[in-house]
Amino acid sequence: KITPNTRKAAEKLLALRLQQLHTNDFIEPSTMSFAEFVDKWVEKYARGQVKPGTLADYDGYFRTHLLPSFGEHTLRRIGTEDVYGFKAEKLNQGLSPQTVKHLLRLLRQMMKHAVEWGYLRKNPAAKVADPVIPKREMGYLRPAEVKAFLAALPTKHQLFFYAAITAGLRLGELLAMKWSNMDWQLSRYFVRENLSRRKGNYKG
């Protein structure tokens, strides 16, 4: 083991940097903060690649979790240990494993782009595994409960909720249903549209 701040350590670091330059592996250390990179990543990637609703979800993740934890750090100072600490902290705060999984996946994707764009040599989140999500048996209504539920609704809402219970459609698909998508001869409904809700815009 070589003691830091010695001539031998400096010579070893110099040899490493020369080797990296020779193999084109050297990247000038970036002074960009994580917060600055968030703005750049949203503008150069996310805004044109993801749906408005997903971008609004990212906005919430940034403001509530990622920026408070990493915002003032420079990208090159964020290590794998820091990401492990972030994961543990969020789980200890009571966030669901599913939410922490979404946070880690977003962070992993961002850091992957930081590597591709030349700001980092390695992705510090790449080896941090997602938390284990406990399997739970899905709840469901029994026929008698469905009948009672529909009977308690106003008449104008019954058809919508009957379709929601029996068709297995997503909420956006249900809200976008049209009579023109119905084939009366085949007694089939064709899902052609999906309504996405816009919860807000990310502002860098």
# chains A, B, ... in the order shown; residues from 1 in each chain; ligands from 1
call {"tool": "select_by_dssp", "arguments": {"residues": "segment 8-204 of chain A", "states": "strand (DSSP E or B)", "output": "PyMOL selection string"}}
result
chain A and resi 33+74+182-183+188-189
call {"tool": "residues_around", "arguments": {"residues": "Lys122 of chain A", "least_positions_apart": "6", "cutoff": "10 Å", "atoms": "only C-alpha atoms", "output": "list in words"}}
result
Arg76, Gly79, Thr80, Met111, Lys112, Ala114, Val115 and Glu116 of chain A
call {"tool": "residues_around", "arguments": {"residues": "segment 190-194 of chain A", "least_positions_apart": "4", "cutoff": "6 Å", "atoms": "only C-alpha atoms", "output": "PyMOL selection string"}}
result
chain A and resi 172-173+176+181
call {"tool": "closest_residue", "arguments": {"among": "A:Arg142, A:Arg108, A:His113, A:Lys44", "to": "Thr166 of chain A", "atoms": "only C-alpha atoms"}}
result
A:Arg142
call {"tool": "closest_residue", "arguments": {"among": "A:Leu106, A:Leu171, A:Ile133, A:Val38", "to": "Leu91 of chain A", "atoms": "only C-alpha atoms"}}
result
A:Ile133
call {"tool": "residues_around", "arguments": {"residues": "Leu75 of chain A", "least_positions_apart": "6", "cutoff": "10 Å", "atoms": "only C-alpha atoms", "output": "list of chain:residue names"}}
result
A:Pro29, A:Ser30, A:Thr31, A:Met32, A:Ser33, A:Phe34, A:Ala35, A:Glu36, A:Phe37, A:Met111, A:Ala114, A:Tyr119, A:Leu120, A:Pro124
call {"tool": "closest_residue", "arguments": {"among": "A:Lys40, A:Gly60, A:Pro97, A:Ala125", "to": "Ile78 of chain A", "atoms": "only C-alpha atoms"}}
result
A:Ala125
call {"tool": "residues_around", "arguments": {"residues": "Val100 of chain A", "least_positions_apart": "3", "cutoff": "9 Å", "atoms": "only C-alpha atoms", "output": "VMD selection string"}}
result
chain A and resid 87 90 to 91 95 to 97 103 to 105 130 to 131
call {"tool": "write_last_selection", "arguments": {"atoms": "all heavy atoms", "output": "PDB file, in the first residue's frame"}}
result
ATOM      1  N   LYS A  87     -30.038   4.582  -0.650  1.00  0.00           N
ATOM      2  CA  LYS A  87     -31.022   3.490  -0.656  1.00  0.00           C
ATOM      3  C   LYS A  87     -31.444   3.132   0.762  1.00  0.00           C
ATOM      4  O   LYS A  87     -32.648   3.031   1.062  1.00  0.00           O
ATOM      5  CB  LYS A  87     -30.422   2.272  -1.354  1.00  0.00           C
ATOM      6  CG  LYS A  87     -31.247   1.003  -1.267  1.00  0.00           C
ATOM      7  CD  LYS A  87     -30.496  -0.159  -1.909  1.00  0.00           C
ATOM      8  CE  LYS A  87     -31.201  -1.486  -1.678  1.00  0.00           C
ATOM      9  NZ  LYS A  87     -30.441  -2.612  -2.276  1.00  0.00           N
ATOM     10  N   LYS A  90     -33.592   5.948   2.466  1.00  0.00           N
ATOM     11  CA  LYS A  90     -34.972   6.042   2.002  1.00  0.00           C
ATOM     12  C   LYS A  90     -35.829   4.892   2.536  1.00  0.00           C
ATOM     13  O   LYS A  90     -36.996   5.084   2.877  1.00  0.00           O
ATOM     14  CB  LYS A  90     -35.016   6.085   0.475  1.00  0.00           C
ATOM     15  CG  LYS A  90     -34.418   7.365  -0.100  1.00  0.00           C
ATOM     16  CD  LYS A  90     -35.114   8.587   0.462  1.00  0.00           C
ATOM     17  CE  LYS A  90     -34.416   9.875   0.138  1.00  0.00           C
ATOM     18  NZ  LYS A  90     -35.098  11.058   0.740  1.00  0.00           N
ATOM     19  N   LEU A  91     -35.254   3.716   2.600  1.00  0.00           N
ATOM     20  CA  LEU A  91     -35.992   2.586   3.166  1.00  0.00           C
ATOM     21  C   LEU A  91     -36.251   2.801   4.653  1.00  0.00           C
ATOM     22  O   LEU A  91     -37.336   2.495   5.161  1.00  0.00           O
ATOM     23  CB  LEU A  91     -35.226   1.283   2.935  1.00  0.00           C
ATOM     24  CG  LEU A  91     -35.154   0.788   1.486  1.00  0.00           C
ATOM     25  CD1 LEU A  91     -34.210  -0.397   1.366  1.00  0.00           C
ATOM     26  CD2 LEU A  91     -36.552   0.415   0.972  1.00  0.00           C
ATOM     27  N   LEU A  95     -40.146   4.751   3.009  1.00  0.00           N
ATOM     28  CA  LEU A  95     -40.572   4.676   1.623  1.00  0.00           C
ATOM     29  C   LEU A  95     -40.750   3.219   1.228  1.00  0.00           C
ATOM     30  O   LEU A  95     -40.005   2.341   1.682  1.00  0.00           O
ATOM     31  CB  LEU A  95     -39.541   5.325   0.694  1.00  0.00           C
ATOM     32  CG  LEU A  95     -39.832   6.769   0.258  1.00  0.00           C
ATOM     33  CD1 LEU A  95     -39.790   7.698   1.459  1.00  0.00           C
ATOM     34  CD2 LEU A  95     -38.856   7.208  -0.812  1.00  0.00           C
ATOM     35  N   SER A  96     -41.707   2.960   0.380  1.00  0.00           N
ATOM     36  CA  SER A  96     -41.934   1.587  -0.060  1.00  0.00           C
ATOM     37  C   SER A  96     -40.768   1.120  -0.926  1.00  0.00           C
ATOM     38  O   SER A  96     -40.139   1.925  -1.612  1.00  0.00           O
ATOM     39  CB  SER A  96     -43.235   1.497  -0.858  1.00  0.00           C
ATOM     40  OG  SER A  96     -43.089   2.143  -2.113  1.00  0.00           O
ATOM     41  N   PRO A  97     -40.459  -0.173  -0.900  1.00  0.00           N
ATOM     42  CA  PRO A  97     -39.396  -0.697  -1.764  1.00  0.00           C
ATOM     43  C   PRO A  97     -39.635  -0.367  -3.237  1.00  0.00           C
ATOM     44  O   PRO A  97     -38.682  -0.139  -3.985  1.00  0.00           O
ATOM     45  CB  PRO A  97     -39.449  -2.204  -1.513  1.00  0.00           C
ATOM     46  CG  PRO A  97     -39.996  -2.333  -0.128  1.00  0.00           C
ATOM     47  CD  PRO A  97     -40.992  -1.220  -0.010  1.00  0.00           C
ATOM     48  N   LEU A 103     -36.601   5.290  -7.712  1.00  0.00           N
ATOM     49  CA  LEU A 103     -35.562   6.293  -7.499  1.00  0.00           C
ATOM     50  C   LEU A 103     -34.206   5.797  -7.981  1.00  0.00           C
ATOM     51  O   LEU A 103     -33.464   6.525  -8.647  1.00  0.00           O
ATOM     52  CB  LEU A 103     -35.486   6.657  -6.021  1.00  0.00           C
ATOM     53  CG  LEU A 103     -36.659   7.455  -5.444  1.00  0.00           C
ATOM     54  CD1 LEU A 103     -36.561   7.524  -3.923  1.00  0.00           C
ATOM     55  CD2 LEU A 103     -36.706   8.854  -6.035  1.00  0.00           C
ATOM     56  N   LEU A 104     -33.876   4.558  -7.647  1.00  0.00           N
ATOM     57  CA  LEU A 104     -32.587   3.993  -8.050  1.00  0.00           C
ATOM     58  C   LEU A 104     -32.500   3.823  -9.558  1.00  0.00           C
ATOM     59  O   LEU A 104     -31.442   4.056 -10.158  1.00  0.00           O
ATOM     60  CB  LEU A 104     -32.358   2.651  -7.353  1.00  0.00           C
ATOM     61  CG  LEU A 104     -32.071   2.711  -5.849  1.00  0.00           C
ATOM     62  CD1 LEU A 104     -31.998   1.306  -5.268  1.00  0.00           C
ATOM     63  CD2 LEU A 104     -30.774   3.466  -5.571  1.00  0.00           C
ATOM     64  N   ARG A 105     -33.588   3.424 -10.174  1.00  0.00           N
ATOM     65  CA  ARG A 105     -33.582   3.256 -11.629  1.00  0.00           C
ATOM     66  C   ARG A 105     -33.387   4.589 -12.344  1.00  0.00           C
ATOM     67  O   ARG A 105     -32.683   4.669 -13.347  1.00  0.00           O
ATOM     68  CB  ARG A 105     -34.872   2.571 -12.085  1.00  0.00           C
ATOM     69  CG  ARG A 105     -34.902   1.097 -11.745  1.00  0.00           C
ATOM     70  CD  ARG A 105     -36.029   0.379 -12.443  1.00  0.00           C
ATOM     71  NE  ARG A 105     -35.911  -1.072 -12.296  1.00  0.00           N
ATOM     72  CZ  ARG A 105     -36.734  -1.948 -12.835  1.00  0.00           C
ATOM     73  NH1 ARG A 105     -37.748  -1.516 -13.576  1.00  0.00           N
ATOM     74  NH2 ARG A 105     -36.554  -3.237 -12.660  1.00  0.00           N
ATOM     75  N   ASP A 130     -31.650  -3.149  -6.747  1.00  0.00           N
ATOM     76  CA  ASP A 130     -32.952  -2.661  -6.314  1.00  0.00           C
ATOM     77  C   ASP A 130     -33.375  -3.390  -5.042  1.00  0.00           C
ATOM     78  O   ASP A 130     -33.013  -4.553  -4.840  1.00  0.00           O
ATOM     79  CB  ASP A 130     -34.005  -2.903  -7.396  1.00  0.00           C
ATOM     80  CG  ASP A 130     -33.745  -2.084  -8.650  1.00  0.00           C
ATOM     81  OD1 ASP A 130     -33.159  -0.993  -8.525  1.00  0.00           O
ATOM     82  OD2 ASP A 130     -34.128  -2.538  -9.745  1.00  0.00           O
ATOM     83  N   PRO A 131     -34.144  -2.748  -4.175  1.00  0.00           N
ATOM     84  CA  PRO A 131     -34.617  -3.429  -2.964  1.00  0.00           C
ATOM     85  C   PRO A 131     -35.576  -4.560  -3.306  1.00  0.00           C
ATOM     86  O   PRO A 131     -36.239  -4.532  -4.355  1.00  0.00           O
ATOM     87  CB  PRO A 131     -35.327  -2.321  -2.188  1.00  0.00           C
ATOM     88  CG  PRO A 131     -35.700  -1.309  -3.219  1.00  0.00           C
ATOM     89  CD  PRO A 131     -34.621  -1.356  -4.255  1.00  0.00           C
TER      90      PRO A 131
END
call {"tool": "closest_residue", "arguments": {"among": "A:Leu107, A:Val50, A:Leu141, A:Ala56", "to": "Phe70 of chain A", "atoms": "only C-alpha atoms"}}
result
A:Leu107
call {"tool": "closest_residue", "arguments": {"among": "A:Ala46, A:Leu186, A:Val83, A:Ala163", "to": "Leu150 of chain A", "atoms": "only C-alpha atoms"}}
result
A:Ala163
call {"tool": "atom_distance", "arguments": {"atom1": "atom CA of Phe62 of chain A", "atom2": "atom CA of Phe86 of chain A"}}
result
13.2 Å
call {"tool": "atom_distance", "arguments": {"atom1": "atom CA of His102 of chain A", "atom2": "atom CA of Tyr58 of chain A"}}
result
9.5 Å
call {"tool": "closest_residue", "arguments": {"among": "A:His65, A:Glu72, A:Trp117, A:Ala9", "to": "Tyr45 of chain A", "atoms": "only C-alpha atoms"}}
result
A:Trp117
call {"tool": "atom_distance", "arguments": {"atom1": "atom CA of Gly85 of chain A", "atom2": "atom CA of Arg136 of chain A"}}
result
26.8 Å
